[in-house]
Structure formats: structure tokens, C-alpha cells
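Below: the structure, in C-alpha cells.
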There are 2 protein chains.
Amino acid sequence: MAAMAPDTSDRPDGLPPTLLDLTTFLLARTGRTARARLADQLAERGLRLWDLAVLAALADFGPQAQRDLVHRLGIDPSDLAKVADQLGAAGYVERTRDQRDRRRVSVAVTATGRALLAELEGRARAVRDEVLAPLDAEERRTLHDLLLRVHQGMAEQSGGG
Amino acid sequence: MAAMAPDTSDRPDGLPPTLLDLTTFLLARTGRTARARLADQLAERGLRLWDLAVLAALADFGPQAQRDLVHRLGIDPSDLAKVADQLGAAGYVERTRDQRDRRRVSVAVTATGRALLAELEGRARAVRDEVLAPLDAEERRTLHDLLLRVHQGMAEQSGGG
DNA sequence: GAAAATAGTGGGTGGGCACCCACTATAGGG
DNA sequence: CCCTATAGTGGGTGCCCACCCACTATTTTC
């Protein structure tokens with residue numbers, strides 16, 4: 001693909017070099033597209049990004065109180081309540097009162113939830129393959145690594161390291 | 001900074017590995033943060049991202065009709081009208097009826113606009129230095145290059161290359 | 001010169017996301 | 001016990017963004 005002569009006139013491309021020189025802009029723009037495509041995939045299941053994050057956290061770290069999820073994911077407690085509520089109604093998670101501290105609601109992912117998560121991961125990988133099409137395997141690894149470190153840096157900055 | 005022992009318990013960090021394994025997710029998340037910080041900088045001048053894009057396009061490609069900007073930047077014509085209107089009111093651009101085709105409005109960046117653009121570029125670079133703090137100079141170049149190619153791939157995909 | 005296409009404008013819509021507050025229930029400290 | 005802090009919930013707000021439609025002015029086509 002893309003072996004034809006570039007016809008600059010009817011391409012939506014051709015962003016100003018000034019913008020393309022700004023890594024901040026590139027990161028923002030590619031990130032926006034990636035997010036949008038991922039969100040589209042989730043939307044096909046009636047889900048949003050937070051749903052994926054919550055499922056992943058529960059699968060990785062096991063059942064835990066909402067307060068822990070709030071802390072770990074940096075989501076607003078009130079928003080999490082809604083997400084958990086919806087996931088619970090759909091049978092993807094189970095919520096039980098913690099008997100040692102009855103203020104707390106412990107959330108656990110169900111088998112159905114795990115299956116959903118696996119599917120979502122697949123969709124996310126499909127999006128990645130689409131988005132990172134121009135890169136070969138090693139470049140993808142490099143990009144992933146760099147982004148991971150950038151992300152960790154961000155976490156430290158806002159987390160007050 | 002960040003020379004102290006990591007206290008995993010009160011960090012907003014610790015996202016689920018499942019998520020950190022998804023490049024799509026990383027790209028989306030770092031992109032979101034980058035965008036937010038850039039938007040913050042622009043907001044200090046009462047501007048939004050499109051304002052920067054429009055100024056850059058005019059500076060790079062010279063005066064042109066709104067339809068060209070629409071085409072080049074992929075912005076909605078109606079939205080561009082508003083952006084151009086605001087930039088015009090603030091004196092950053094000048095809008096004149098094209099005398100050869102009086103339907104068209106030609107937009108040109110003013111001297112003030114160029115000065116503003118220069119300042120905004122500086123702010124964007126500052127954000128970049130903040131966001132890419134964990135990376136050395138060569139890694140930043142690599143990241144920029146990879147993102148640029150990813151971006152071009154996206155443009156081809158949606159532009160029907 | 002009538003009809004169809006094009007350029008720009010104004011107004012409005014819907015979705016997502018972050019954020020905040022008031023309130024209930026429970027726990028823990030003195 | 002009373003007081004304070006914590007956990008969760010429901011409801012609501014504001015921002016941004018993308019998108020769409022109706023309308024006017026102008027140009028192009030036949």
C-alpha cells in the first residue's frame with residue numbers, strides 16, 4: 001500500500017511542520033486517535049475506558065475495596081461507584097460488603113468479567129496493530145518502552161515523588 | 001527529586017500490568033496528559049488547541065482561504081469560522097474577502113500573531129521537556145521519529161491513501 | 001439567467017470526562 | 001457515648017470536542 005505517487009492536494013495530511021516539530025503535539029494527536037479507536041472498540045460492548053481499567057485492575061490485583069481502586073487508578077470515587085454499578089449489573093464484577101469494615105464494598109471480577117477482559121485486550125491489540133502499522137516489531141517495542149517510561153515519569157510528577 | 005525510597009502504598013501509580021502492556025493504552029494515556037498540559041498553557045492565553053494549529057498553518061503555508069485550512073487541518077468548517085473569528089478579533093489574524101472569488105475569506109497571520117505563535121511554541125517545548133523528562137536527547141529524537149511515522153500512517157489510513 | 005455547486009456563518013446537539021457537593025452508613029478515638 | 005474520620009452513593013456542573021443543519025452569498029455550469 002501507499003506505493004502510488006503522493007497527491008498532496010487531496011490529502012487530509014500536510015499538517016504544518018511547525019506542529020509536526022512539537023513532540024507534545026504529536027503525542028497529543030496520536031494519543032487522541034489511539035484513544036478514540038480504543039473507545040470505539042469498547043463502545044461496541046457498551047463500555048468506556050474506565051470499565052477496561054477497572055476490570056484489568058481487579059484481574060491483576062484481585063478483589064479489593066473501591067477505595068483501593070480509587071487510589072490505584074486515580075479515578076473519582078463517585079465515578080467509580082457508577083462504573084462498578086454498571087459492571088455489576090452486567091455481571092462482570094461482584095460487589096460484596098466487607099464484613100470486617102462494613103463501610104467498604106469489595107469488588108471482584110467474575111468469570112464472565114475475565115472473559116470480557118480477554119476479549120477487550122484482543123481488541124486493544126488489534127487497534128495497536130492498526131495504529132502502529134508503519135512500525136516493525138522492534139520499533140514497536142522501542143516505542144512501548146519509551147512510552148512506559150514517559151508514563152512512569154508522569155506518575156511520579158503528579159504523585160509527588 | 002524522586003531520590004527517596006519508593007513508597008508503593010501511597011502512590012497513584014501501580015496501574016495494572018495488563019493495561020501497561022497495551023501500547024494503545026499507554027499512547028492514549030500519555031497523549032491525554034500531554035494534551036492536557038499543552039491545553040493548560042494555551043488556556044493561559046485564552047486559546048485552545050485549534051488556535052495553535054491555525055496559527056501554525058498560516059505561518060507555515062502563508063495566507064489562504066478557510067476552505068484550505070479546513071482541508072489541511074481536518075477541522076470542521078463551522079468550527080474554523082469560530083476560531084478564525086476569535087483570532088481575528090484578538091488581532092492575531094486578518095481576514096479579507098478574496099476578490100477573485102468573493103465567496104472565499106482569505107486568512108493571514110499578523111505580526112502579533114507570529115509573535116504569539118513563537119511564544120506558544122516555547123510553551124509547547126517547555127511541556128515537552130516536562131513530559132519527556134525521563135528520556136535523554138537521543139531517546140527523545142527516537143520517540144519523536146516513531147510518533148511522526150505513526151501519525152503519518154494514521155493520516156494515510158483515514159485519508160484513504 | 002436559472003440551476004447547481006461552493007464558501008462561510010450561526011446555532012445547536014450529544015458524548016465523554018473530570019470534578020464537586022451533600023448525604024448515608026459505618027468505624028474508631030477520646 | 002459523642003465526635004470525627006472514612007467509604008460509598010446520587011446528583012449535578014462545566015469544559016471540550018466533534019458533528020450536523022439551515023441559511024446567505026457567490027460562482028460556475030449549461
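Residue names in the C-alpha cells use chain letters A, B, ... in the order shown, residue numbers from 1 in each chain, and ligand numbers from 1 in the order shown.
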
Using only C-alpha atoms (C1' of nucleotides), find the residues of chain D whose closest atom to chain A is at most 9 Å away, then write them as number ranges by chain.
D: 6-10

Within chain A, find each residue whose DSSP state, derived from the backbone, is strand (DSSP E or B), and express the selection as a PyMOL selection string.
chain A and resi 64-65+93-97+105-109

Take the residues from that selection and put them in a file with C-alpha atoms, as a CSV table (one decimal), in the first residue's frame.
```csv
chain,number,residue,atom,x,y,z
A,64,GLN,CA,-10.4,-5.1,46.6
A,65,ALA,CA,-12.4,-2.3,48.1
A,93,VAL,CA,-18.0,-7.9,38.7
A,94,GLU,CA,-19.4,-8.8,42.0
A,95,ARG,CA,-19.7,-6.4,44.9
A,96,THR,CA,-19.9,-7.5,48.5
A,97,ARG,CA,-19.9,-5.6,51.7
A,105,VAL,CA,-17.6,-2.6,49.3
A,106,SER,CA,-15.3,-5.3,47.9
A,107,VAL,CA,-15.3,-5.7,44.2
A,108,ALA,CA,-14.3,-8.9,42.4
A,109,VAL,CA,-14.2,-9.8,38.8
```

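Atom pair CA of Ala59 (chain A) / CA of Arg114 (chain A): separated by 7.1 Å.
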
For chain C against chain A, which residues fall within 10 Å using only C-alpha atoms (C1' of nucleotides), given as a PyMOL selection string?
chain C and resi 16-20+25-27

DSSP on the backbone: which residues in chain B end up as alpha helix (DSSP H)? Give the answer as a VMD selection string.
chain B and resid 17 to 20 23 to 43 49 to 61 66 to 73 77 to 89 111 to 131 137 to 159

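Proximity of A:Val150, A:Leu117, A:Ala137, A:Leu42 to chain B, computed with only C-alpha atoms, is greatest for A:Val150.
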
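Nearest to Leu143 (chain B) of all the residues B:Arg128, B:Leu15, B:Asp40, B:Ala89 is B:Arg128, counting only C-alpha atoms.
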
Go through A:Asp85, A:Gln99, A:Arg45, A:Leu58 one by one, measure the shortest atom-to-atom distance of each to chain B using only C-alpha atoms, and give the residue with the smallest value.
A:Leu58

With only C-alpha atoms (C1' of nucleotides) as the counted atoms, please give the residues lying no more than 12 Å from Asp136 (chain B), apart from itself and same-chain residues fewer than 5 positions off, as a PyMOL selection string.
(chain A and resi 146+149-150) or (chain B and resi 129+131+141-143)

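Taking CA of Arg32 (chain A) and C1' of DT13 (chain C) as endpoints, the distance between them is 22.0 Å.
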
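Taking CA of Gly14 (chain B) as the reference point, CA of Ser158 (chain A) is found at 13.3 Å.
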